[in-house]
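Trainee: What follows is data20.cif, made up of mmCIF, C-alpha atoms:
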data_start
loop_
_atom_site.label_atom_id
_atom_site.label_comp_id
_atom_site.auth_asym_id
_atom_site.auth_seq_id
_atom_site.Cartn_x
_atom_site.Cartn_y
_atom_site.Cartn_z
CA MET Q 1379 -25.33 52.08 85.60
CA GLU Q 1380 -27.44 52.92 88.66
CA ILE Q 1381 -29.89 55.80 88.96
CA LYS Q 1382 -32.35 56.95 91.64
CA ILE Q 1383 -36.09 57.28 91.04
CA HIS Q 1384 -38.31 58.35 93.94
CA ASN Q 1385 -35.60 57.19 96.38
CA GLU Q 1386 -35.42 53.75 94.78
CA THR Q 1387 -32.24 52.53 93.10
CA VAL Q 1388 -32.59 50.88 89.71
CA GLU Q 1389 -29.82 49.59 87.48
CA LEU Q 1390 -29.77 50.05 83.72
CA LEU Q 1391 -28.37 46.92 82.09
CA TRP Q 1392 -26.61 46.89 78.73
CA GLN Q 1393 -28.71 43.85 77.84
CA LYS Q 1394 -31.61 46.35 77.49
CA ALA Q 1395 -33.31 45.55 80.78
CA LEU Q 1396 -33.88 47.28 84.12
CA LEU Q 1397 -33.10 45.79 87.53
CA TRP Q 1398 -34.87 46.95 90.69
CA LYS Q 1399 -32.32 45.51 93.09
CA ARG Q 1400 -34.21 45.88 96.35
CA ASN Q 1401 -37.02 43.68 95.06
CA GLY Q 1402 -34.88 41.40 92.94
CA LEU Q 1403 -37.09 42.40 90.01
CA LEU Q 1404 -35.80 42.21 86.44
CA ILE Q 1405 -37.93 44.33 84.10
CA ILE Q 1406 -38.01 43.62 80.38
CA ALA Q 1407 -40.09 45.12 77.57
CA ASP Q 1408 -41.06 44.01 74.09
CA LEU Q 1409 -39.44 40.67 73.33
CA HIS Q 1410 -41.89 39.99 70.48
CA LEU Q 1411 -41.13 36.28 70.59
CA GLY Q 1412 -42.42 34.49 67.52
CA LYS Q 1413 -42.16 37.56 65.31
CA VAL Q 1414 -39.71 35.79 63.03
CA ASN Q 1415 -42.11 32.84 62.62
CA HIS Q 1416 -44.94 35.28 61.91
CA PHE Q 1417 -42.97 37.04 59.16
CA ARG Q 1418 -41.81 33.78 57.59
CA LYS Q 1419 -45.40 32.56 57.35
CA LEU Q 1420 -46.16 35.71 55.39
CA GLY Q 1421 -43.36 34.83 52.97
CA ILE Q 1422 -40.87 37.39 54.29
CA PRO Q 1423 -37.36 35.84 54.37
CA VAL Q 1424 -36.15 36.44 57.92
CA PRO Q 1425 -33.25 34.39 59.38
CA LEU Q 1426 -34.35 31.88 62.00
CA LYS Q 1427 -31.34 32.76 64.19
CA ALA Q 1428 -33.24 35.77 65.53
CA ASN Q 1429 -35.65 33.36 67.26
CA THR Q 1430 -33.08 31.64 69.43
CA LYS Q 1431 -31.07 34.81 70.01
CA ASN Q 1432 -33.80 36.41 72.14
CA LEU Q 1433 -34.21 33.52 74.57
CA GLU Q 1434 -30.48 32.79 74.76
CA HIS Q 1435 -29.93 36.46 75.56
CA LEU Q 1436 -32.59 36.33 78.29
CA ALA Q 1437 -31.28 33.09 79.81
CA GLY Q 1438 -27.75 34.47 79.92
CA LEU Q 1439 -28.95 37.65 81.60
CA MET Q 1440 -30.87 35.68 84.22
CA MET Q 1441 -27.86 33.55 85.05
CA ALA Q 1442 -25.80 36.71 85.51
CA VAL Q 1443 -28.35 38.70 87.54
CA LYS Q 1444 -30.18 35.85 89.37
CA PRO Q 1445 -33.47 37.76 89.82
CA LYS Q 1446 -36.27 36.62 92.09
CA ARG Q 1447 -38.84 37.85 89.58
CA VAL Q 1448 -38.98 38.71 85.90
CA LEU Q 1449 -41.61 41.22 84.83
CA PHE Q 1450 -42.37 41.47 81.12
CA LEU Q 1451 -43.86 44.84 80.18
CA GLY Q 1452 -46.00 43.58 77.34
CA ASP Q 1453 -45.53 42.24 73.83
CA LEU Q 1454 -43.86 39.13 75.15
CA PHE Q 1455 -45.15 37.23 72.14
CA HIS Q 1456 -45.81 38.80 68.77
CA SER Q 1457 -48.93 37.02 67.62
CA HIS Q 1458 -50.81 33.73 67.79
CA TYR Q 1459 -49.51 30.50 69.28
CA ASN Q 1460 -46.62 28.78 67.53
CA SER Q 1461 -43.76 26.46 68.43
CA GLU Q 1462 -41.77 29.17 70.20
CA TRP Q 1463 -44.22 29.02 73.10
CA GLU Q 1464 -42.67 25.67 73.98
CA THR Q 1465 -39.28 27.32 74.45
CA VAL Q 1466 -40.90 29.82 76.83
CA LYS Q 1467 -42.16 26.90 78.92
CA GLN Q 1468 -38.66 25.43 78.95
CA LEU Q 1469 -37.20 28.73 80.11
CA VAL Q 1470 -39.70 28.94 82.98
CA ASN Q 1471 -38.97 25.33 83.97
CA ASN Q 1472 -35.22 25.97 83.95
CA PHE Q 1473 -35.56 28.84 86.44
CA ARG Q 1474 -37.99 27.39 88.96
CA ASN Q 1475 -36.85 29.72 91.76
CA CYS Q 1476 -37.90 32.75 89.72
CA SER Q 1477 -41.40 34.11 89.15
CA PHE Q 1478 -42.25 35.08 85.56
CA GLU Q 1479 -44.92 37.78 85.28
CA LEU Q 1480 -46.57 39.63 82.42
CA VAL Q 1481 -48.29 43.00 82.16
CA PRO Q 1482 -49.99 42.39 78.79
CA GLY Q 1483 -49.39 44.52 75.72
CA ASN Q 1484 -51.27 45.04 72.50
CA HIS Q 1485 -49.62 42.00 70.88
CA ASP Q 1486 -50.40 39.66 73.79
CA ILE Q 1487 -53.62 38.31 72.30
CA LEU Q 1488 -53.78 34.76 73.64
CA SER Q 1489 -56.19 33.59 76.32
CA ARG Q 1490 -55.30 33.97 80.00
CA GLU Q 1491 -55.21 30.19 80.24
CA GLN Q 1492 -52.46 29.96 77.63
CA TYR Q 1493 -50.19 32.27 79.61
CA THR Q 1494 -50.80 30.55 82.95
CA ARG Q 1495 -50.28 27.13 81.33
CA SER Q 1496 -46.85 28.35 80.28
CA GLY Q 1497 -45.99 29.24 83.87
CA LEU Q 1498 -46.59 32.99 83.61
CA GLN Q 1499 -48.43 35.09 86.18
CA LEU Q 1500 -50.69 37.43 84.25
CA HIS Q 1501 -51.38 40.89 85.71
CA ASN Q 1502 -53.86 43.50 84.60
CA GLU Q 1503 -52.77 46.26 82.22
CA GLN Q 1504 -51.23 48.19 85.13
CA LEU Q 1505 -49.15 46.91 88.05
CA GLU Q 1506 -48.35 49.20 90.99
CA GLU Q 1507 -45.45 48.43 93.32
CA GLY Q 1508 -43.72 50.92 95.58
CA PRO Q 1509 -43.52 54.24 93.74
CA PHE Q 1510 -43.76 52.58 90.34
CA ILE Q 1511 -46.58 52.02 87.90
CA PHE Q 1512 -45.59 49.34 85.39
CA THR Q 1513 -47.43 49.36 82.06
CA HIS Q 1514 -46.91 48.35 78.46
CA GLN Q 1515 -48.08 51.55 76.81
CA PRO Q 1516 -47.11 54.77 78.63
CA ALA Q 1517 -49.77 55.76 81.15
CA GLY Q 1518 -51.88 58.79 80.24
CA VAL Q 1519 -51.88 60.33 83.72
CA VAL Q 1520 -49.20 59.68 86.36
CA PRO Q 1521 -49.81 60.94 89.93
CA GLU Q 1522 -47.04 63.11 91.37
CA VAL Q 1523 -46.11 60.47 93.95
CA ARG Q 1524 -45.73 57.77 91.29
CA TYR Q 1525 -43.42 57.05 88.37
CA ASN Q 1526 -44.48 55.14 85.27
CA ILE Q 1527 -42.13 52.58 83.69
CA ALA Q 1528 -43.33 51.45 80.26
CA GLY Q 1529 -42.34 49.73 77.04
CA HIS Q 1530 -44.13 49.78 73.67
CA LEU Q 1531 -42.24 52.68 72.07
CA HIS Q 1532 -38.94 50.88 71.29
CA PRO Q 1533 -37.03 54.15 71.88
CA GLY Q 1534 -33.88 54.91 69.93
CA ILE Q 1535 -31.57 57.92 69.92
CA GLN Q 1536 -29.79 59.17 66.82
CA LEU Q 1537 -26.22 60.24 67.43
CA ASN Q 1538 -24.46 62.32 64.81
CA GLY Q 1539 -20.71 62.41 64.31
CA LYS Q 1540 -18.42 64.55 62.25
CA GLY Q 1541 -19.47 65.00 58.67
CA ARG Q 1542 -22.59 63.05 57.81
CA GLN Q 1543 -21.97 60.08 60.10
CA SER Q 1544 -24.89 59.01 62.25
CA VAL Q 1545 -26.03 55.95 64.17
CA MET Q 1546 -29.30 54.98 65.83
CA LEU Q 1547 -28.94 53.24 69.19
CA PRO Q 1548 -31.54 51.69 71.51
CA CYS Q 1549 -31.94 53.71 74.67
CA PHE Q 1550 -33.55 54.17 78.06
CA TYR Q 1551 -35.53 57.40 78.08
CA PHE Q 1552 -36.47 59.13 81.36
CA ASN Q 1553 -38.61 62.23 81.74
CA GLU Q 1554 -40.13 63.76 84.85
CA ARG Q 1555 -42.89 61.16 85.34
CA GLN Q 1556 -42.13 58.29 82.97
CA ALA Q 1557 -39.41 55.95 81.72
CA TYR Q 1558 -39.50 54.12 78.40
CA LEU Q 1559 -37.44 50.94 78.18
CA PRO Q 1560 -35.68 49.79 75.01
CA ALA Q 1561 -37.12 46.76 73.26
CA PHE Q 1562 -35.38 43.61 74.47
CA GLY Q 1563 -36.13 41.65 71.30
CA ALA Q 1564 -33.51 41.42 68.58
CA PHE Q 1565 -35.96 41.92 65.70
CA THR Q 1566 -38.11 44.83 66.80
CA GLY Q 1567 -36.89 48.09 65.24
CA MET Q 1568 -36.65 51.48 66.97
CA ALA Q 1569 -38.57 54.75 67.08
CA ARG Q 1570 -36.40 57.85 67.24
CA ILE Q 1571 -37.06 60.02 70.28
CA THR Q 1572 -36.57 63.77 70.61
CA PRO Q 1573 -35.60 64.50 74.23
CA LYS Q 1574 -36.78 67.67 75.91
CA GLU Q 1575 -34.81 69.78 78.34
CA ASN Q 1576 -34.13 67.95 81.63
CA ASP Q 1577 -34.97 64.56 80.11
CA LYS Q 1578 -32.31 61.88 80.55
CA VAL Q 1579 -31.29 59.46 77.83
CA PHE Q 1580 -28.99 56.46 78.23
CA ALA Q 1581 -27.90 54.72 75.04
CA VAL Q 1582 -26.93 51.07 74.77
CA ALA Q 1583 -23.68 50.81 72.82
CA ASP Q 1584 -21.06 48.07 72.54
CA GLY Q 1585 -22.05 46.27 75.72
CA ARG Q 1586 -22.26 49.35 77.92
CA ILE Q 1587 -24.61 52.16 78.97
CA VAL Q 1588 -23.71 55.69 77.88
CA GLU Q 1589 -25.54 58.83 79.01
CA VAL Q 1590 -26.12 61.16 76.06
#
Please express what this file holds, its structure, as structure tokens.
Mentor:
Amino acid sequence: MEIKIHNETVELLWQKALLWKRNGLLIIADLHLGKVNHFRKLGIPVPLKANTKNLEHLAGLMMAVKPKRVLFLGDLFHSHYNSEWETVKQLVNNFRNCSFELVPGNHDILSREQYTRSGLQLHNEQLEEGPFIFTHQPAGVVPEVRYNIAGHLHPGIQLNGKGRQSVMLPCFYFNERQAYLPAFGAFTGMARITPKENDKVFAVADGRIVEV
């Protein structure tokens, strides 16, 4: 589904990512790679399948979209270095014609050298391109001529059916000055949003985007 923001066309992808077509830029928030390993070290029984699912999902999306650049909006990795970093290096090596870039988030705690050694271009906490300000956490102040695209919140929308039926779905959330992207990672959870009047919400459901 395509929408216009400040005269720029962006596409909402059911894979929980945003594509800025004109720049060939694929924008992804909150993978939290390594989160499964982190939980298992703490003795929490989490299935290992969630590890491979994230990167397989990303690789499949890249083959479908063929972006020139991938921009991660923070929390690419959940915690300290572990073996899953090696799979990130493999991903970067498999898509040599694509630039992989990171606007760091609160969970991205490794040294700058570790990210660059893995083939990632590390930006500061805010990246400005065209009308957009890309951040991990939503920006506090957004100039009128700009629009902030952020992650961090893991937005979800609760939809209620007849009777007491309800479901929580990941969503893209747009207000006047900011957009919050759904978490790309498969093991991240969601925070329920409460849209205000004139806000726009697009839920991800059954492999499609639905405006709600």
Trainee: Name the residues captured by the PyMOL selection byres ((chain Q and resi 1393-1404) around 10) when it is applied to the shown file; answer as a VMD selection string.
Mentor: chain Q and resid 1379 to 1380 1386 to 1392 1405 to 1407 1435 to 1436 1438 to 1440 1443 to 1450 1476 to 1478 1507 to 1508 1527 1548 to 1550 1559 to 1563 1581 to 1583 1585 to 1587
Trainee: Could you tell me which of Q:Glu1479, Q:Asp1577, Q:Asp1584, Q:Asp1453 comes closest to Leu1409 of chain Q if we count only C-alpha atoms?
Mentor: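 Looking at the shortest contact to Leu1409 of chain Q, the residue is Q:Asp1453.
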Trainee: Report, in Å to a single decimal, how far apart atom CA of Ala1569 of chain Q and atom CA of Gly1452 of chain Q are.
Mentor: 16.9 Å
Trainee: Quick one: residues within 6 Å of segment 1578-1580 of chain Q, only C-alpha atoms, excluding same-chain residues fewer than 4 positions away - as a ChimeraX atom specification?
Mentor: /Q:1549-1552,1588-1590
Trainee: With distances taken over all atoms listed in the file, which of Q:Leu1505, Q:Leu1500, Q:Met1441, Q:Leu1411 is nearest to Glu1464 of chain Q?
Mentor: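 Among the listed residues, Q:Leu1411 lies closest to Glu1464 of chain Q.
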Trainee: Residues around (-53.1, 44.3, 85.9), cut-off 12 Å, counting only C-alpha atoms - what are they as a VMD selection string?
Mentor: chain Q and resid 1449 1451 to 1452 1479 to 1483 1499 to 1507 1511 to 1514
